[in-house]
Amino acid sequence: MIHSLFYLCKANNTGFQVQLMTALDTYSPEERAEILRRYRNLIEVWHTRKDVRDRWMVRKAFTLAVEAHKDMRRKTGEPYIYHPIEVATIAAGEIGLGRTSIICALLHDVVEDTEYKIADITAMFGEHIGRIIDGLTKLDIMVEGSDVPSMQAENFRKVLLTLSYDVRVILIKLADRLHNMRTLDAMPQHKQFKIASETLYLFAPLAYRLGLYAIKTELEDLSLKYTEPAVYESISKSLIESRPERNAMIESFLIPIREALNKMKIKYRIRVVENSIYSIWSKTKEKDISFSDYHDTFFVRFIVDAPPETEKISCWQVYAAVTNLYKPNNQLLRDWISLPKANGYESLHCTVMSKAGRWVNLQIRSERMDAIAEKGYAAYWKYKDTSHIEGESESESESESGLDEWLNKVRELLSSDEASALEFMDNFRLNLFSDEIFVFTPKGEMISMPKGSTALDFAFNIHTNLGSKCIGANVNHKLVQLNHELKSGDQVEIITSKVQFPKEEWFSILVTARAKTRLQDAIREYRKTFREEGRKKLEDILQQLNLDPGKPTITRLIEAEGLSGLVDLYYYTATDKINLAKVKEAFRDKSGSASSGFFKYLISPFMRHKPIEEAASQEQGKTANHTMKADVIGEETTDLGYTVATCCNPIPGDDVVALAFPGEPMQIHRVNCPTAIDLMSKYGNNIIKAKWKQEENVTFLAGLKITAIDSIGFIHNLTEIISIQLKINIRNLQIESSNGVVVAYLTIYVQNLQSLQEVITRLKKMEGIRFVKRLERISEMKN
């Protein structure tokens, strides 16, 4: 059998070789050599099983990809085939996937960009690969007049829907996104903003949740490079300049540790890792400090070579050796070995004080833990000793880890088809990207839940009936209300009552998608019990109004009041929320519009979705400020109105992006504005290129936060510089003083970014001032 397979593969390879050479003839000699070099590199980094059939299948996919993309070029001018080869290389080398994933990565754009169909792929490679390729293929471009509000959200949901079938779709999509981010220089700026925002909003958190820390870090850094290029370059330059001094300090710090570990005969290796540029930027913003005052720029990782049965003991032995030499900060000790994160991450984190007087962050883990931390899901399954990812069998192991539980939550969220794609995307971020807490049942069973979960979330997480009858909870033996926010380590006992029933107002209490879905199901089941009573009441009302109780009448009434169906109609009628007057009012409006119904004022998951114009307007947080017209030109349009977004208050000189929605003026945001990032990740096709057109005598509002040593005359000196010397108008000034430190928040009118920076520079020279920072949004000012 093996011999016959070998000759079959050999014969087929001859055919592939001819087909490949024919396709390669369309490229220059240099490009042909580069394509083959990249393919050989792919085979070299492929470390899973590579028998004769595996190599034959991959070669077949490579040949098809070269043939399909032979007339295509990337924005850089390079052959398009470079892209699928690089995506496959990332999947194999950086994520650790095997044959099936490599084939799918090589073919992931074939159906989307060429004449080949899913049926063709299925016929050549089998149904399984066909389904994965289908999951990787974007939906058709939205046609004009389509009722699909966000094609980005629809495509994201489509990709995730395949998660219940095969997680490799997500892993290949992440590899695809990583290579696109690495080659984003060739794209126009508005496309860079769209892709970088979407990456930061969705794909980087998704990589983190799947345990792909290296990919998550690179995606964040590359996103920052395009949304905040000046910040990226500044931090990158500072890291390079401070590296020699930092390396000398680290080497001095490690000498006694190495001696101690060698005496203990522990097998280990050490890696010194610089923190990512994005994480440094986030921490400096969070702590309100400059990079020069931020020293947490690296961490030291100890990787222990020990078998699984003794690896935990070995890690704690390393911790003991280090803390015998350096004093630890016990408040910063994190034991992710005893209690792994939901994505399978295991490590011991601690912080110790070095002899140089600086805190040093440490990570201690085994080789197995390190592989899972670097390669995420693929490595997790490898060490779980299952062939689910890349073998012939698709069966899963019976034991579940936190990562299994997280994937099950994803599948549960996917199983609900009630929400729109945009609502689904928001739910996904809220429930599956948030930090987690660990709480306990009265019997001591540990349950992982998203941070911010309430006692009612916990009840519905256990069982729908328990949540439906919940009237309160005992948390750590103390009575609390349904909206009580749980914390890690809480022990929760739910209190129920037979007369309790599920209520719509509970939606405002719930945080998790699981609980909301179960509450929605419980409410629907509860309302079904009113069906007969509501039907009889409605028939009586219609009879009084001489209306036919047939389907047209019922349909119009449901649409007029914005209800989801008969269940709600009969329930609201039975409970007298729909009565004779309401029905008469609904039928008085000849258009049959829901605008006449009182239900338009209720926010409920049982109501119909709002039109995109209204939804988009609300998502922008009513950012329009009609008293401050933005002095910008939309490069792609000239007939749209525009307003400055009050969520980030951009001024001339800031990098800005314009977003246009039907019936709304263009909204001008700073590129790094969280609202803009959210909107660009969902409505990428609504981005309009914009640039500032400066005019004289036009001023813009900007906010500053000042921290200083309190002293007599501080306010006088502050206003003297701003108002008298710089002749800048102060709109608002708030002062807080405590224990000799004063914090001032002020808003001023400036012409552009240059004049604002001049204010900051002058204030930093004022005696007693320690820190001056521009507020990202005016709303940061204290009330």
# chains A, B, ... in the order shown; residues from 1 in each chain; ligands from 1
$ closest_atom_pairs --of "range 202-264 of chain A" --to "range 672-688 of chain A" --cutoff "12 Å" --atoms "only C-alpha atoms" --output "JSON lines"
{"residue": "A:Leu202", "atom": "CA", "partner": "A:Ser681", "partner_atom": "CA", "distance": 7.9}
{"residue": "A:Phe203", "atom": "CA", "partner": "A:Ser681", "partner_atom": "CA", "distance": 10.3}
{"residue": "A:Ser223", "atom": "CA", "partner": "A:Asn672", "partner_atom": "CA", "distance": 10.2}
{"residue": "A:Leu224", "atom": "CA", "partner": "A:Asn672", "partner_atom": "CA", "distance": 8.7}
{"residue": "A:Lys225", "atom": "CA", "partner": "A:Asn672", "partner_atom": "CA", "distance": 11.2}
{"residue": "A:Tyr226", "atom": "CA", "partner": "A:Asn672", "partner_atom": "CA", "distance": 9.8}
{"residue": "A:Thr227", "atom": "CA", "partner": "A:Asn672", "partner_atom": "CA", "distance": 6.0}
{"residue": "A:Glu228", "atom": "CA", "partner": "A:Asn672", "partner_atom": "CA", "distance": 6.9}
{"residue": "A:Pro229", "atom": "CA", "partner": "A:Asn672", "partner_atom": "CA", "distance": 10.6}
{"residue": "A:Ala230", "atom": "CA", "partner": "A:Asn672", "partner_atom": "CA", "distance": 11.9}
{"residue": "A:Val231", "atom": "CA", "partner": "A:Asn672", "partner_atom": "CA", "distance": 11.0}
$ write_last_selection --atoms "C-alpha atoms" --output "tab-separated table (two decimals), in the first residue's frame"
chain	number	residue	atom	x	y	z
A	202	LEU	CA	-11.02	42.46	17.53
A	203	PHE	CA	-8.07	40.46	16.29
A	223	SER	CA	-1.72	48.85	15.02
A	224	LEU	CA	-0.08	51.55	17.13
A	225	LYS	CA	2.48	52.13	14.36
A	226	TYR	CA	-0.29	53.24	11.99
A	227	THR	CA	-2.68	54.96	14.41
A	228	GLU	CA	-0.01	56.75	16.48
A	229	PRO	CA	3.16	56.81	14.34
A	230	ALA	CA	4.87	59.57	16.36
A	231	VAL	CA	4.26	57.72	19.65
$ residues_around --residues "range 434-440 of chain A" --least-positions-apart "3" --cutoff "12 Å" --atoms "only C-alpha atoms" --output "PyMOL selection string"
chain A and resi 202+205-206+208-209+339-343+402+406+426-431+443-455+457-459+461-462+474-476+485-494+511-512
$ write_last_selection --atoms "N, CA and C atoms" --output "compact mmCIF listing (two decimals), in the first residue's frame"
# COMPACT_ATOMS: atom_id res chain seq x y z
N LEU A 202 -10.55 43.84 17.55
CA LEU A 202 -11.02 42.46 17.53
C LEU A 202 -9.92 41.41 17.49
N PRO A 205 -7.28 41.11 20.66
CA PRO A 205 -7.89 40.43 21.81
C PRO A 205 -8.20 38.95 21.52
N LEU A 206 -8.57 38.64 20.27
CA LEU A 206 -8.86 37.26 19.92
C LEU A 206 -7.60 36.41 20.01
N TYR A 208 -5.08 36.99 21.93
CA TYR A 208 -4.80 36.85 23.37
C TYR A 208 -5.65 35.74 23.98
N ARG A 209 -6.93 35.70 23.62
CA ARG A 209 -7.82 34.70 24.19
C ARG A 209 -7.48 33.28 23.74
N LEU A 339 -3.83 28.17 39.15
CA LEU A 339 -5.12 28.60 38.61
C LEU A 339 -4.91 29.20 37.22
N PRO A 340 -4.77 28.37 36.18
CA PRO A 340 -4.48 28.87 34.83
C PRO A 340 -5.56 29.82 34.33
N LYS A 341 -5.16 30.71 33.42
CA LYS A 341 -6.13 31.61 32.80
C LYS A 341 -7.05 30.83 31.88
N ALA A 342 -8.12 31.49 31.45
CA ALA A 342 -9.13 30.81 30.63
C ALA A 342 -8.57 30.35 29.29
N ASN A 343 -7.51 31.01 28.79
CA ASN A 343 -6.94 30.60 27.51
C ASN A 343 -5.84 29.57 27.66
N GLY A 402 -9.66 25.58 31.07
CA GLY A 402 -10.27 26.89 30.92
C GLY A 402 -10.44 27.26 29.45
N TRP A 406 -13.84 28.33 27.58
CA TRP A 406 -13.98 29.58 26.82
C TRP A 406 -14.53 29.29 25.44
N ASP A 426 -20.37 43.29 19.61
CA ASP A 426 -20.24 43.93 20.92
C ASP A 426 -20.34 42.90 22.04
N ASN A 427 -21.28 41.96 21.92
CA ASN A 427 -21.42 40.90 22.93
C ASN A 427 -20.16 40.05 23.00
N PHE A 428 -19.60 39.77 21.84
CA PHE A 428 -18.38 38.95 21.79
C PHE A 428 -17.25 39.63 22.55
N ARG A 429 -17.05 40.91 22.29
CA ARG A 429 -16.00 41.66 23.00
C ARG A 429 -16.28 41.72 24.49
N LEU A 430 -17.52 42.02 24.84
CA LEU A 430 -17.88 42.22 26.24
C LEU A 430 -17.70 40.95 27.04
N ASN A 431 -18.12 39.81 26.48
CA ASN A 431 -18.16 38.57 27.26
C ASN A 431 -16.94 37.68 27.09
N LYS A 443 -20.94 24.46 47.29
CA LYS A 443 -20.25 23.17 47.44
C LYS A 443 -18.78 23.25 47.09
N GLY A 444 -18.30 24.46 46.78
CA GLY A 444 -16.87 24.64 46.51
C GLY A 444 -16.47 24.49 45.06
N GLU A 445 -17.43 24.34 44.14
CA GLU A 445 -17.07 24.23 42.72
C GLU A 445 -16.69 25.61 42.19
N MET A 446 -15.55 25.68 41.48
CA MET A 446 -15.07 26.95 40.96
C MET A 446 -15.66 27.22 39.58
N ILE A 447 -16.10 28.47 39.37
CA ILE A 447 -16.71 28.87 38.10
C ILE A 447 -16.01 30.14 37.62
N SER A 448 -15.60 30.14 36.34
CA SER A 448 -14.98 31.32 35.73
C SER A 448 -16.06 32.16 35.07
N MET A 449 -16.01 33.49 35.33
CA MET A 449 -16.99 34.41 34.76
C MET A 449 -16.30 35.70 34.34
N PRO A 450 -16.87 36.46 33.39
CA PRO A 450 -16.27 37.74 33.01
C PRO A 450 -16.27 38.72 34.18
N LYS A 451 -15.23 39.54 34.24
CA LYS A 451 -15.15 40.56 35.28
C LYS A 451 -16.34 41.50 35.16
N GLY A 452 -16.93 41.85 36.30
CA GLY A 452 -18.12 42.70 36.31
C GLY A 452 -19.42 41.93 36.41
N SER A 453 -19.35 40.60 36.39
CA SER A 453 -20.56 39.77 36.50
C SER A 453 -21.26 40.02 37.82
N THR A 454 -22.59 39.93 37.78
CA THR A 454 -23.40 40.15 38.97
C THR A 454 -23.89 38.83 39.56
N ALA A 455 -24.54 38.94 40.72
CA ALA A 455 -25.11 37.75 41.35
C ALA A 455 -26.15 37.11 40.44
N ASP A 457 -26.12 37.22 37.12
CA ASP A 457 -25.35 36.52 36.09
C ASP A 457 -24.97 35.12 36.58
N PHE A 458 -24.50 35.05 37.82
CA PHE A 458 -24.09 33.77 38.39
C PHE A 458 -25.26 32.79 38.42
N ALA A 459 -26.43 33.28 38.83
CA ALA A 459 -27.61 32.41 38.92
C ALA A 459 -27.98 31.83 37.55
N ASN A 461 -26.00 31.59 35.02
CA ASN A 461 -24.88 30.77 34.56
C ASN A 461 -25.04 29.33 35.05
N ILE A 462 -25.58 29.17 36.27
CA ILE A 462 -25.81 27.82 36.82
C ILE A 462 -26.96 27.13 36.10
N ASN A 474 -26.61 35.18 48.83
CA ASN A 474 -25.67 35.28 49.94
C ASN A 474 -24.26 35.18 49.37
N VAL A 475 -23.52 36.28 49.47
CA VAL A 475 -22.13 36.30 48.99
C VAL A 475 -21.22 36.36 50.22
N ASN A 476 -20.46 35.30 50.39
CA ASN A 476 -19.60 35.17 51.58
C ASN A 476 -20.44 35.31 52.85
N GLU A 485 -22.03 43.21 42.28
CA GLU A 485 -20.91 42.81 41.43
C GLU A 485 -20.00 41.83 42.19
N LEU A 486 -19.73 40.69 41.56
CA LEU A 486 -18.92 39.66 42.20
C LEU A 486 -17.43 39.93 42.00
N LYS A 487 -16.64 39.41 42.92
CA LYS A 487 -15.19 39.53 42.86
C LYS A 487 -14.56 38.14 42.99
N SER A 488 -13.34 38.00 42.51
CA SER A 488 -12.65 36.72 42.59
C SER A 488 -12.58 36.24 44.03
N GLY A 489 -12.87 34.95 44.23
CA GLY A 489 -12.83 34.36 45.56
C GLY A 489 -14.15 34.36 46.28
N ASP A 490 -15.17 35.06 45.73
CA ASP A 490 -16.49 35.09 46.39
C ASP A 490 -17.12 33.70 46.34
N GLN A 491 -17.81 33.35 47.43
CA GLN A 491 -18.64 32.14 47.45
C GLN A 491 -20.09 32.59 47.41
N VAL A 492 -20.84 32.08 46.44
CA VAL A 492 -22.17 32.62 46.15
C VAL A 492 -23.24 31.54 46.34
N GLU A 493 -24.26 31.90 47.11
CA GLU A 493 -25.44 31.04 47.28
C GLU A 493 -26.66 31.82 46.81
N ILE A 494 -27.40 31.29 45.86
CA ILE A 494 -28.55 31.99 45.28
C ILE A 494 -29.80 31.71 46.12
N VAL A 511 -24.61 41.12 32.69
CA VAL A 511 -23.40 41.47 31.94
C VAL A 511 -23.09 40.42 30.88
N THR A 512 -23.27 39.16 31.20
CA THR A 512 -22.82 38.08 30.31
C THR A 512 -23.87 37.75 29.25
$ residues_around --residues "Tyr642 in chain A" --least-positions-apart "2" --cutoff "6 Å" --atoms "only C-alpha atoms" --output "ChimeraX atom specification"
/A:665-667
$ residues_around --residues "range 524-528 of chain A" --least-positions-apart "5" --cutoff "8 Å" --atoms "only C-alpha atoms" --output "CSV table (one decimal) with N, CA, C and O atoms, in the first residue's frame"
chain,number,residue,atom,x,y,z
A,501,PHE,N,-40.7,35.7,39.0
A,501,PHE,CA,-40.7,35.4,37.6
A,501,PHE,C,-39.7,36.3,36.8
A,501,PHE,O,-39.3,37.4,37.3
A,502,PRO,N,-39.2,35.9,35.6
A,502,PRO,CA,-38.2,36.7,34.9
A,502,PRO,C,-38.8,38.0,34.5
A,502,PRO,O,-39.9,38.1,34.0
A,567,VAL,N,-46.3,36.0,20.5
A,567,VAL,CA,-46.1,35.8,22.0
A,567,VAL,C,-46.1,37.1,22.7
A,567,VAL,O,-46.8,37.3,23.7
A,568,ASP,N,-45.4,38.1,22.2
A,568,ASP,CA,-45.4,39.4,22.9
A,568,ASP,C,-46.7,40.1,22.7
A,568,ASP,O,-47.2,40.8,23.7
A,571,TYR,N,-49.1,38.7,25.2
A,571,TYR,CA,-48.7,39.0,26.6
A,571,TYR,C,-49.0,40.4,27.0
A,571,TYR,O,-49.6,40.6,28.1
$ atom_distance --atom1 "CA of Tyr294 in chain A" --atom2 "CA of Ile280 in chain A"
8.2 Å
$ residues_around --residues "range 740-751 of chain A" --least-positions-apart "5" --cutoff "7 Å" --atoms "only C-alpha atoms" --output "list of chain:residue names"
A:Val698, A:Thr699, A:Phe700, A:Leu701, A:Ala702, A:Gly703, A:Leu704, A:Lys705, A:Ile706, A:Thr707, A:Ala708, A:Ile709, A:Asp710, A:Ile728, A:Asn729, A:Ile730, A:Arg731, A:Asn732, A:Leu733, A:Gln734, A:Ile735, A:Leu756, A:Met781
